[in-house]
Amino acid sequence: MIYFSNTKILSILLVIFIALMFAVPNFFSKDQLNSFPSFIPKQQVNLGLDLQGGSHLLLEVDTVEIVKERLENLNSDVRRVLKKNNIQYSNFKNTDDNLKFVVEEFPAEIQKEILEISVSNSQNILQMGDQTNLVITRDENQVSISFTDEFIKLAVSNAVAQSLEIVRRRIDELGTREPSIQRQGSSRIIIQLPGIDDPDRIKALLGQTAKLTFQLVDTSTNYDPLNPKKAPVGSEILPSDTDDSFKYIVKKRVMVGGENLVDAQPGFDPQTNEPIVSFRFDRLGASKFGRVTQQNVGKPFAIILDDTVISAPVIREAILGGSGQISGGFDSEEANDLAILLRAGALPAPLIILEERSVGPDLGADSIEAGQYAAIIGFVAVIIFMMFVYRYFGFLADIALIINLFMVLGILSLFQATLTLPGIAGIILTIGMAVDANVLIFERVKEEIRSGSKMINAVENGYKRALSTILDANITTLIAAVILFFMASGPVRGFSITLAIGIFTSVFTAFTFTRLLISIYAKSLKPSLVGMKIND
């Protein structure tokens, strides 16, 4: 219908006004936006790594370390079973992929017990069900125990997924805007950080496993740097975070683990004013921490991060509240980073940096400038073509095209989308596609006029007959954009997003705003001109 009710007109204008409100902030700086009234939207389109510059990191989860850690856990389980059943063994050692030991007798009942313990552990961690995860072989007196290939594959996949989530939490804690964190292949993670051209701090955060443990210091002996000796049975020697020449002898038993932490915040000691990190345990951790401190008053308690003692305070009194603090002579930024690491959780395995690339701001500026020139040239070319071919109708379509671009920008700003160079290509493509609907409609209108229809009837019939063609063309393009979004990654997804948004806005402007303008124009014609051609 060429008739528009007042309600429909107001609805069209309201939608366009809201889109313009969200698009306008992109033409002002942050400082200027802060001076605007609070009711005005202040969201801006985020620029991607290729436009703004930043850091690109390719990480790989150390899968060897994953298998090694699980073998160490299996080591203690197997020793415990052998000792409980009074089985004499010798030459017990770990290799890269299995356990080996020599034993005179190895009954089937012992093998079954080891398998049951291992299956129980895998059920808790990897949810493998009742499926066995070990391969036990015996060659005379030599016993070899290794994990199945399926278990290793599942363990690696689980560790990579967990690492991906922890990496995302650590980076989010830094307040980085629109980071891109994606899994690549079976064990790699790609990180793109727009606006960060110095990745050293990011690498420091991601390079730490952040495995936190609380263990008692072994006070039965002292470490002598001039005469170093092996640690007593049940203890280990660990370096100090503050003094390279000094080492601690701590008991291997973990009294409380970092998995029981629920919060960690940086702060300052009210007495010394030095930076500290305050931490808080969950109910189970608080109970363990309270019991340990109550039973070991007057003894040093080592706080260990990634096999390094960062602090070893003496327990003055029982700490029953489930909270405490870490002070290690670090500055404010180190305290903040440590708090971030503890809050995000420990990585299941170390991350290896395979590739590091910094994109400077000059490249981003060049990309933006090139994109602007391309958009302006394409925009001007389309405007000139439409006005040359369709005259006044083309002028109305050009107005709708400008509104269409502002709507795309407003929607991107509303959802805080990240604009990349392929995204700009999608917008440029939208400029060309936005007039396709109008071209189809105008050609239909011209056909109606040639067949003798009056202007008002020609416009109404032209819109009706072009509708199915326009919908078919845009729906197929939208399907392609959706497939690109779900099948592709990175910048290609940015292209598909701007393309999809452009399809919706171009159809909206063609069948509402442009139609409204043409209906007003057609009704305003003098009766003698109602049958005029649209390109006269």
# chains A, B, ... in the order shown; residues from 1 in each chain; ligands from 1
>>> residues_around(residues="Ile319 in chain A", least_positions_apart="4", cutoff="9 Å", atoms="only C-alpha atoms", output="ChimeraX atom specification")
/A:286,289-294,315,323-324
>>> residues_around(residues="Ala480 in chain A", least_positions_apart="4", cutoff="10 Å", atoms="only C-alpha atoms", output="list of chain:residue names")
A:Asn474, A:Ile475, A:Thr476, A:Leu484, A:Phe485, A:Ser496, A:Leu499, A:Ala500
>>> write_last_selection(atoms="N, CA and C atoms", output="short mmCIF file (atom, residue, chain, number, x, y, z; two decimals), in the first residue's frame")
data_model
loop_
_atom_site.label_atom_id
_atom_site.label_comp_id
_atom_site.auth_asym_id
_atom_site.auth_seq_id
_atom_site.Cartn_x
_atom_site.Cartn_y
_atom_site.Cartn_z
N ASN A 474 17.93 -11.33 -1.15
CA ASN A 474 18.51 -11.01 0.16
C ASN A 474 18.54 -12.20 1.10
N ILE A 475 17.56 -13.09 1.01
CA ILE A 475 17.55 -14.27 1.87
C ILE A 475 18.71 -15.19 1.53
N THR A 476 18.97 -15.39 0.23
CA THR A 476 20.11 -16.24 -0.17
C THR A 476 21.43 -15.63 0.30
N LEU A 484 28.94 -18.22 6.81
CA LEU A 484 30.26 -17.64 7.05
C LEU A 484 30.49 -17.40 8.53
N PHE A 485 29.46 -16.91 9.22
CA PHE A 485 29.61 -16.59 10.64
C PHE A 485 29.91 -17.84 11.47
N SER A 496 30.94 -11.18 7.78
CA SER A 496 29.59 -11.75 7.73
C SER A 496 28.61 -10.95 8.59
N LEU A 499 27.76 -7.68 6.81
CA LEU A 499 26.96 -8.02 5.64
C LEU A 499 25.52 -8.33 6.04
N ALA A 500 25.35 -9.13 7.11
CA ALA A 500 24.00 -9.49 7.56
C ALA A 500 23.23 -8.26 8.05
#
>>> residues_around(residues="range 238-244 of chain A", least_positions_apart="2", cutoff="10 Å", atoms="only C-alpha atoms", output="NGL selection string")
:A and (231 or 235-236 or 246-250 or 304-305 or 307-312 or 328-330)
>>> closest_residue(among="A:Pro266, A:Pro225, A:Pro37, A:Gly185", to="Leu342 in chain A", atoms="only C-alpha atoms")
A:Pro266
>>> select_by_dssp(residues="range 191-283 of chain A", states="helix (DSSP H, G or I)", output="short mmCIF file (atom, residue, chain, number, x, y, z; two decimals) with N, CA and C atoms, in the first residue's frame")
data_model
loop_
_atom_site.label_atom_id
_atom_site.label_comp_id
_atom_site.auth_asym_id
_atom_site.auth_seq_id
_atom_site.Cartn_x
_atom_site.Cartn_y
_atom_site.Cartn_z
N ASP A 200 54.23 -7.74 26.84
CA ASP A 200 55.05 -8.34 27.89
C ASP A 200 54.24 -8.70 29.13
N ARG A 201 53.36 -7.78 29.54
CA ARG A 201 52.56 -8.06 30.74
C ARG A 201 51.58 -9.20 30.49
N ILE A 202 51.00 -9.23 29.29
CA ILE A 202 50.08 -10.33 28.95
C ILE A 202 50.83 -11.66 28.97
N LYS A 203 52.03 -11.66 28.39
CA LYS A 203 52.83 -12.90 28.37
C LYS A 203 53.19 -13.34 29.79
N ALA A 204 53.48 -12.36 30.65
CA ALA A 204 53.81 -12.70 32.03
C ALA A 204 52.62 -13.33 32.74
N LEU A 205 51.42 -12.81 32.46
CA LEU A 205 50.22 -13.36 33.08
C LEU A 205 49.90 -14.76 32.55
N LEU A 206 50.05 -14.93 31.24
CA LEU A 206 49.70 -16.21 30.63
C LEU A 206 50.80 -17.24 30.79
N GLY A 207 52.03 -16.78 31.03
CA GLY A 207 53.16 -17.70 31.14
C GLY A 207 53.22 -18.41 32.47
N GLY A 258 45.16 -24.15 45.94
CA GLY A 258 44.56 -22.96 45.37
C GLY A 258 43.17 -23.20 44.80
N GLU A 259 42.80 -24.45 44.58
CA GLU A 259 41.46 -24.73 44.07
C GLU A 259 40.37 -24.36 45.07
N ASN A 260 40.75 -24.15 46.33
CA ASN A 260 39.78 -23.76 47.36
C ASN A 260 39.63 -22.25 47.50
N ARG A 283 34.27 -22.82 51.89
CA ARG A 283 34.01 -23.44 53.19
C ARG A 283 35.00 -24.56 53.50
#
>>> closest_residue(among="A:Tyr521, A:Lys100, A:Lys93, A:Leu341", to="Arg168 in chain A", atoms="only C-alpha atoms")
A:Leu341
>>> residues_around(residues="range 38-43 of chain A", least_positions_apart="5", cutoff="9 Å", atoms="only C-alpha atoms", output="ChimeraX atom specification")
/A:21-26,30,33,413-416
>>> atom_distance(atom1="CA of Thr498 in chain A", atom2="CA of Val408 in chain A")
7.5 Å
>>> select_by_dssp(residues="range 257-381 of chain A", states="strand (DSSP E or B)", output="number ranges by chain")
A: 257, 261-268, 275-281, 300-305, 308-311, 314, 323-326, 351-359
>>> residues_around(residues="range 149-164 of chain A", least_positions_apart="5", cutoff="8 Å", atoms="only C-alpha atoms", output="PyMOL selection string")
chain A and resi 61+63+66-67+126+133+181-183+186-189+347-349
>>> closest_residue(among="A:Asp31, A:Glu173, A:Glu317, A:Glu165", to="Leu338 in chain A", atoms="only C-alpha atoms")
A:Glu173
>>> residues_around(residues="range 375-377 of chain A", least_positions_apart="4", cutoff="9 Å", atoms="only C-alpha atoms", output="JSON, numbers by chain")
{"A": [370, 371, 381, 382, 424, 425, 427, 428, 431]}
>>> write_last_selection(atoms="N, CA and C atoms", output="compact mmCIF listing (two decimals), in the first residue's frame")
# COMPACT_ATOMS: atom_id res chain seq x y z
N ALA A 370 42.55 3.74 4.07
CA ALA A 370 42.21 3.05 2.82
C ALA A 370 40.74 2.68 2.78
N GLY A 371 40.24 2.20 3.92
CA GLY A 371 38.82 1.85 3.99
C GLY A 371 37.92 3.07 3.80
N ALA A 381 30.05 7.15 -6.12
CA ALA A 381 29.75 6.53 -7.41
C ALA A 381 28.30 6.05 -7.46
N VAL A 382 27.85 5.43 -6.37
CA VAL A 382 26.47 4.93 -6.33
C VAL A 382 25.48 6.09 -6.37
N ILE A 424 34.81 -3.58 7.22
CA ILE A 424 34.66 -2.40 6.36
C ILE A 424 34.32 -2.84 4.94
N ALA A 425 34.92 -3.94 4.49
CA ALA A 425 34.58 -4.46 3.16
C ALA A 425 33.11 -4.85 3.10
N ILE A 427 30.71 -3.41 4.78
CA ILE A 427 29.95 -2.16 4.70
C ILE A 427 29.97 -1.60 3.28
N ILE A 428 31.16 -1.66 2.65
CA ILE A 428 31.26 -1.17 1.27
C ILE A 428 30.37 -2.00 0.35
N ILE A 431 26.85 -0.90 0.61
CA ILE A 431 26.52 0.32 -0.14
C ILE A 431 25.99 -0.06 -1.53
>>> closest_residue(among="A:Gln208, A:Ser468, A:Phe504, A:Ser524", to="Ala481 in chain A", atoms="only C-alpha atoms")
A:Phe504
>>> closest_residue(among="A:Gly423, A:Pro194, A:Pro107, A:Gly410", to="Asn85 in chain A", atoms="only C-alpha atoms")
A:Pro107
>>> residues_around(residues="Asp436 in chain A", least_positions_apart="3", cutoff="12 Å", atoms="only C-alpha atoms", output="ChimeraX atom specification")
/A:382,386,394,397-398,401,429-433,439-443,466-467,469-471,473-474,503,506-507,509-510
>>> write_last_selection(atoms="N, CA and C atoms", output="PDB file, in the first residue's frame")
ATOM      1  N   VAL A 382      27.849   5.426  -6.368  1.00  0.00           N
ATOM      2  CA  VAL A 382      26.474   4.926  -6.334  1.00  0.00           C
ATOM      3  C   VAL A 382      25.484   6.087  -6.371  1.00  0.00           C
ATOM      4  N   MET A 386      22.684   6.634  -9.338  1.00  0.00           N
ATOM      5  CA  MET A 386      21.252   6.631  -9.056  1.00  0.00           C
ATOM      6  C   MET A 386      20.587   7.921  -9.518  1.00  0.00           C
ATOM      7  N   GLY A 394      15.993   8.632  -7.837  1.00  0.00           N
ATOM      8  CA  GLY A 394      17.349   8.280  -7.437  1.00  0.00           C
ATOM      9  C   GLY A 394      17.841   9.124  -6.288  1.00  0.00           C
ATOM     10  N   ALA A 397      16.359   7.713  -3.214  1.00  0.00           N
ATOM     11  CA  ALA A 397      17.062   6.478  -2.859  1.00  0.00           C
ATOM     12  C   ALA A 397      18.415   6.786  -2.227  1.00  0.00           C
ATOM     13  N   ASP A 398      19.070   7.864  -2.678  1.00  0.00           N
ATOM     14  CA  ASP A 398      20.356   8.257  -2.091  1.00  0.00           C
ATOM     15  C   ASP A 398      20.196   8.705  -0.643  1.00  0.00           C
ATOM     16  N   LEU A 401      19.969   5.702   1.316  1.00  0.00           N
ATOM     17  CA  LEU A 401      21.276   5.045   1.417  1.00  0.00           C
ATOM     18  C   LEU A 401      22.098   5.646   2.562  1.00  0.00           C
ATOM     19  N   LEU A 429      30.362  -3.319   0.576  1.00  0.00           N
ATOM     20  CA  LEU A 429      29.480  -4.175  -0.214  1.00  0.00           C
ATOM     21  C   LEU A 429      28.018  -3.820   0.033  1.00  0.00           C
ATOM     22  N   THR A 430      27.703  -3.458   1.269  1.00  0.00           N
ATOM     23  CA  THR A 430      26.342  -3.068   1.617  1.00  0.00           C
ATOM     24  C   THR A 430      25.905  -1.825   0.843  1.00  0.00           C
ATOM     25  N   ILE A 431      26.848  -0.900   0.611  1.00  0.00           N
ATOM     26  CA  ILE A 431      26.521   0.316  -0.144  1.00  0.00           C
ATOM     27  C   ILE A 431      25.991  -0.058  -1.531  1.00  0.00           C
ATOM     28  N   GLY A 432      26.684  -1.003  -2.170  1.00  0.00           N
ATOM     29  CA  GLY A 432      26.226  -1.435  -3.487  1.00  0.00           C
ATOM     30  C   GLY A 432      24.921  -2.210  -3.423  1.00  0.00           C
ATOM     31  N   MET A 433      24.812  -3.094  -2.394  1.00  0.00           N
ATOM     32  CA  MET A 433      23.607  -3.917  -2.279  1.00  0.00           C
ATOM     33  C   MET A 433      22.384  -3.101  -1.860  1.00  0.00           C
ATOM     34  N   VAL A 439      16.672  -0.328  -7.288  1.00  0.00           N
ATOM     35  CA  VAL A 439      16.769  -0.492  -8.737  1.00  0.00           C
ATOM     36  C   VAL A 439      15.674  -1.422  -9.242  1.00  0.00           C
ATOM     37  N   LEU A 440      15.478  -2.558  -8.548  1.00  0.00           N
ATOM     38  CA  LEU A 440      14.428  -3.495  -8.948  1.00  0.00           C
ATOM     39  C   LEU A 440      13.054  -2.844  -8.884  1.00  0.00           C
ATOM     40  N   ILE A 441      12.815  -2.099  -7.804  1.00  0.00           N
ATOM     41  CA  ILE A 441      11.519  -1.442  -7.628  1.00  0.00           C
ATOM     42  C   ILE A 441      11.298  -0.386  -8.708  1.00  0.00           C
ATOM     43  N   PHE A 442      12.318   0.437  -8.937  1.00  0.00           N
ATOM     44  CA  PHE A 442      12.167   1.518  -9.908  1.00  0.00           C
ATOM     45  C   PHE A 442      11.958   0.974 -11.325  1.00  0.00           C
ATOM     46  N   GLU A 443      12.633  -0.128 -11.659  1.00  0.00           N
ATOM     47  CA  GLU A 443      12.436  -0.713 -12.985  1.00  0.00           C
ATOM     48  C   GLU A 443      11.021  -1.260 -13.134  1.00  0.00           C
ATOM     49  N   ALA A 466       7.949  -6.363  -7.028  1.00  0.00           N
ATOM     50  CA  ALA A 466       9.396  -6.512  -6.778  1.00  0.00           C
ATOM     51  C   ALA A 466       9.695  -7.182  -5.448  1.00  0.00           C
ATOM     52  N   LEU A 467       8.669  -7.284  -4.597  1.00  0.00           N
ATOM     53  CA  LEU A 467       8.898  -7.789  -3.239  1.00  0.00           C
ATOM     54  C   LEU A 467       9.497  -9.190  -3.228  1.00  0.00           C
ATOM     55  N   THR A 469      11.116 -10.897  -5.528  1.00  0.00           N
ATOM     56  CA  THR A 469      12.469 -10.945  -6.088  1.00  0.00           C
ATOM     57  C   THR A 469      13.492 -10.415  -5.082  1.00  0.00           C
ATOM     58  N   ILE A 470      13.152  -9.302  -4.449  1.00  0.00           N
ATOM     59  CA  ILE A 470      14.068  -8.699  -3.473  1.00  0.00           C
ATOM     60  C   ILE A 470      14.281  -9.620  -2.279  1.00  0.00           C
ATOM     61  N   LEU A 471      13.217 -10.220  -1.782  1.00  0.00           N
ATOM     62  CA  LEU A 471      13.340 -11.124  -0.632  1.00  0.00           C
ATOM     63  C   LEU A 471      14.180 -12.348  -0.986  1.00  0.00           C
ATOM     64  N   ALA A 473      16.561 -12.627  -3.250  1.00  0.00           N
ATOM     65  CA  ALA A 473      17.969 -12.255  -3.391  1.00  0.00           C
ATOM     66  C   ALA A 473      18.621 -12.023  -2.032  1.00  0.00           C
ATOM     67  N   ASN A 474      17.928 -11.330  -1.147  1.00  0.00           N
ATOM     68  CA  ASN A 474      18.514 -11.008   0.162  1.00  0.00           C
ATOM     69  C   ASN A 474      18.542 -12.198   1.098  1.00  0.00           C
ATOM     70  N   ILE A 503      22.079  -6.227   5.119  1.00  0.00           N
ATOM     71  CA  ILE A 503      20.928  -6.805   4.417  1.00  0.00           C
ATOM     72  C   ILE A 503      19.627  -6.363   5.087  1.00  0.00           C
ATOM     73  N   SER A 506      19.084  -2.492   4.617  1.00  0.00           N
ATOM     74  CA  SER A 506      18.767  -2.097   3.238  1.00  0.00           C
ATOM     75  C   SER A 506      17.332  -2.484   2.872  1.00  0.00           C
ATOM     76  N   VAL A 507      16.899  -3.662   3.299  1.00  0.00           N
ATOM     77  CA  VAL A 507      15.509  -4.062   3.046  1.00  0.00           C
ATOM     78  C   VAL A 507      14.548  -3.151   3.802  1.00  0.00           C
ATOM     79  N   THR A 509      15.047   0.035   4.782  1.00  0.00           N
ATOM     80  CA  THR A 509      14.972   1.382   4.199  1.00  0.00           C
ATOM     81  C   THR A 509      14.261   1.367   2.848  1.00  0.00           C
ATOM     82  N   ALA A 510      14.452   0.285   2.071  1.00  0.00           N
ATOM     83  CA  ALA A 510      13.821   0.221   0.743  1.00  0.00           C
ATOM     84  C   ALA A 510      12.309   0.125   0.851  1.00  0.00           C
TER      85      ALA A 510
END
